[in-house]
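**Q** Pasting a structure here, questions to come.
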2 protein chains.
Amino acid sequence: MILSKSCEYAIRAVVYVAAKTVKEERVGIIEIAEAIGSPVAFTGKILQTLTRKKVLASSKGPNGGFYIIDPASVYLIDIVRAMDGNEIFTACVIGLTTCSAERPCPMHHQMKPIRDQLRIDFSNRSVYEMVQAFEENNYFLK
Amino acid sequence: MILSKSCEYAIRAVVYVAAKTVKEERVGIIEIAEAIGSPVAFTGKILQTLTRKKVLASSKGPNGGFYIIDPASVYLIDIVRAMDGNEIFTACVIGLTTCSAERPCPMHHQMKPIRDQLRIDFSNRSVYEMVQAFEENNYFLK
DNA sequence: AGAATAAAAGATATATTTGTCTTCTATTAA
DNA sequence: TTAATAGAAGACAAATATATCTTTTATTCT
């Protein structure tokens, strides 16, 4: 499992929120959880984290809910870093803390391009593009 | 984290055992754990799993210990599958169970080549090659 | 101002992964 | 054939990730 379950939920939630935002709508925890097939309370916690980390924004009270300031300037890597940190792009595949280009583990040279590609793909994909793909191709989130 | 901690330990342990096997030696749990920097009892459990799955072989009693039948015919993917299963090569990156080429999630087409490359790298790398790299380049396992 | 709405925050609960400890079984060698 | 060695197996413990529940705070609408 490349990403934690929390991070998987997070990406799906952000894409759903952004799809609403582009229609000028805010959306609540319950609807989000229903849309992405995740437990409501746990999803609330994740949305809280994303809001604290400025990936999403929220407002309380009637007509409140979650939204995203600028879907085109938030990239998947921002969500991944908010939830799981940067380690998946840097950590040694066999768990050696001191593994590096200078002192590589036996798998280092095989793994580097894979991790780099992962970072590149997450860095290049904006939430806005995800929403577009989502709407154009009848993609789904649960 | 691409691989579980158990799987990381497993790969390091198998490489260490194989390095001993090519010198016609068997090696015990305590020495293995010391060599790869892992907790002894937990390492015992992992070695047990690897033996049950035929990745390693073992014998009890004095002069007993772990060894590997044919390092050249065991590939990293065998260790990964023994410990973590096949999911890391197939599971949807955002956690959708029904994600497939026909009904892809918004990240499917980006992730496929990465997962394929991961599988290819693990499939092409034999334990014997790992040992060679390990010995030739002063690689390390902890 | 008061009631309703909705997220934030904190305390708990459950499940999984990681790690430990004790006993059992097989093997070897004296 | 007995003592020592070493893995196998099972019970238990700790840490982390996932999930739930309750209370608080902010906002809106009447």
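Labels used: A, B, ... for chains in the order of the structure tokens, numbers from 1 for residues in each chain, and numbers from 1 for ligands as shown.
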What are the residues of chain A that have an atom within 8 Å of an atom of chain C, counting only C-alpha atoms (C1' of nucleotides), as JSON, numbers by chain?
**A** {"A": [28, 48, 58, 59, 60, 61, 62, 63, 64, 65]}
**Q** Filtering to N, CA and C atoms, could you give me those residues as a PDB file, in the first residue's frame?
**A**
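Final output, saved to selection_24.pdb:
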ATOM      1  N   GLY A  28     -20.772  19.475   3.121  1.00  0.00           N
ATOM      2  CA  GLY A  28     -20.559  19.032   4.500  1.00  0.00           C
ATOM      3  C   GLY A  28     -19.944  17.648   4.602  1.00  0.00           C
ATOM      4  N   GLN A  48     -10.456  17.893   8.781  1.00  0.00           N
ATOM      5  CA  GLN A  48      -9.895  18.815   9.770  1.00  0.00           C
ATOM      6  C   GLN A  48      -8.382  19.001   9.519  1.00  0.00           C
ATOM      7  N   SER A  58     -12.731  25.848   5.250  1.00  0.00           N
ATOM      8  CA  SER A  58     -14.044  25.466   5.763  1.00  0.00           C
ATOM      9  C   SER A  58     -14.708  26.664   6.420  1.00  0.00           C
ATOM     10  N   SER A  59     -16.031  26.580   6.537  1.00  0.00           N
ATOM     11  CA  SER A  59     -16.742  27.586   7.343  1.00  0.00           C
ATOM     12  C   SER A  59     -17.844  26.878   8.113  1.00  0.00           C
ATOM     13  N   LYS A  60     -18.100  27.372   9.319  1.00  0.00           N
ATOM     14  CA  LYS A  60     -19.099  26.754  10.199  1.00  0.00           C
ATOM     15  C   LYS A  60     -20.485  27.328   9.942  1.00  0.00           C
ATOM     16  N   GLY A  61     -21.449  26.683  10.597  1.00  0.00           N
ATOM     17  CA  GLY A  61     -22.811  27.214  10.571  1.00  0.00           C
ATOM     18  C   GLY A  61     -23.594  26.897   9.309  1.00  0.00           C
ATOM     19  N   PRO A  62     -24.854  27.309   9.279  1.00  0.00           N
ATOM     20  CA  PRO A  62     -25.723  27.066   8.122  1.00  0.00           C
ATOM     21  C   PRO A  62     -25.063  27.567   6.835  1.00  0.00           C
ATOM     22  N   ASN A  63     -25.214  26.790   5.763  1.00  0.00           N
ATOM     23  CA  ASN A  63     -24.551  27.072   4.487  1.00  0.00           C
ATOM     24  C   ASN A  63     -23.026  26.969   4.597  1.00  0.00           C
ATOM     25  N   GLY A  64     -22.580  26.461   5.727  1.00  0.00           N
ATOM     26  CA  GLY A  64     -21.147  26.247   5.861  1.00  0.00           C
ATOM     27  C   GLY A  64     -20.748  24.950   5.181  1.00  0.00           C
ATOM     28  N   GLY A  65     -19.486  24.566   5.379  1.00  0.00           N
ATOM     29  CA  GLY A  65     -18.983  23.343   4.787  1.00  0.00           C
ATOM     30  C   GLY A  65     -17.572  23.539   4.279  1.00  0.00           C
TER      31      GLY A  65
END
**Q** Can you list, as an NGL selection string, every residue of range 21-125 of chain B that DSSP puts in strand (DSSP E)?
**A** :B and (57-59 or 65-67)
**Q** Taking the DSSP assignment computed from this structure's backbone, write out as a count of residues only all residues of range 1-96 of chain B that belong to alpha helix (DSSP H).
**A** 47
**Q** Find the residues of range 20-108 of chain A that sit at most 12 Å from range 68-76 of chain B; for each, write down the nearest two atoms and how far apart they are in Å, to one decimal. Count only C-alpha atoms. Sort by chain, then by number going up, and give it as a Markdown table.
**A**
| residue | atom | partner | partner_atom | distance |
| --- | --- | --- | --- | --- |
| A:Val93 | CA | B:Leu76 | CA | 11.8 |
| A:Ile94 | CA | B:Leu76 | CA | 11.0 |
| A:Pro106 | CA | B:Leu76 | CA | 11.4 |
| A:Met107 | CA | B:Leu76 | CA | 10.0 |
**Q** Could you list, as a list in words, the residues of chain D having an atom within 8 Å of chain A when counting only C-alpha atoms (C1' of nucleotides)?
**A**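 Going by the stated atoms only, the list reads DT18, DA19, DT20, DA26, DT27 and DT28 of chain D.
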**Q** With 10 Å as the limit and counting only C-alpha atoms, what residues in chain B lie close to chain A? Please list them as a count of residues only.
**A** 58
**Q** So what do you get for CA of Asp78 in chain B versus CA of Lys53 in chain B, distance-wise?
**A** 9.1 Å
**Q** What is the distance, in Å and to one decimal place, between CA of Thr49 in chain A and CA of Tyr67 in chain A?
**A** 13.8 Å
**Q** To one decimal place, how far is CA of Ala82 in chain A from CA of Val55 in chain A in Å?
**A**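 Those two atoms sit 8.0 Å apart.
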**Q** Smallest atom-to-atom distance to Val14 in chain B: which of B:Ile120, B:Met83, B:Leu50, B:Ile77, using only C-alpha atoms?
**A** B:Leu50
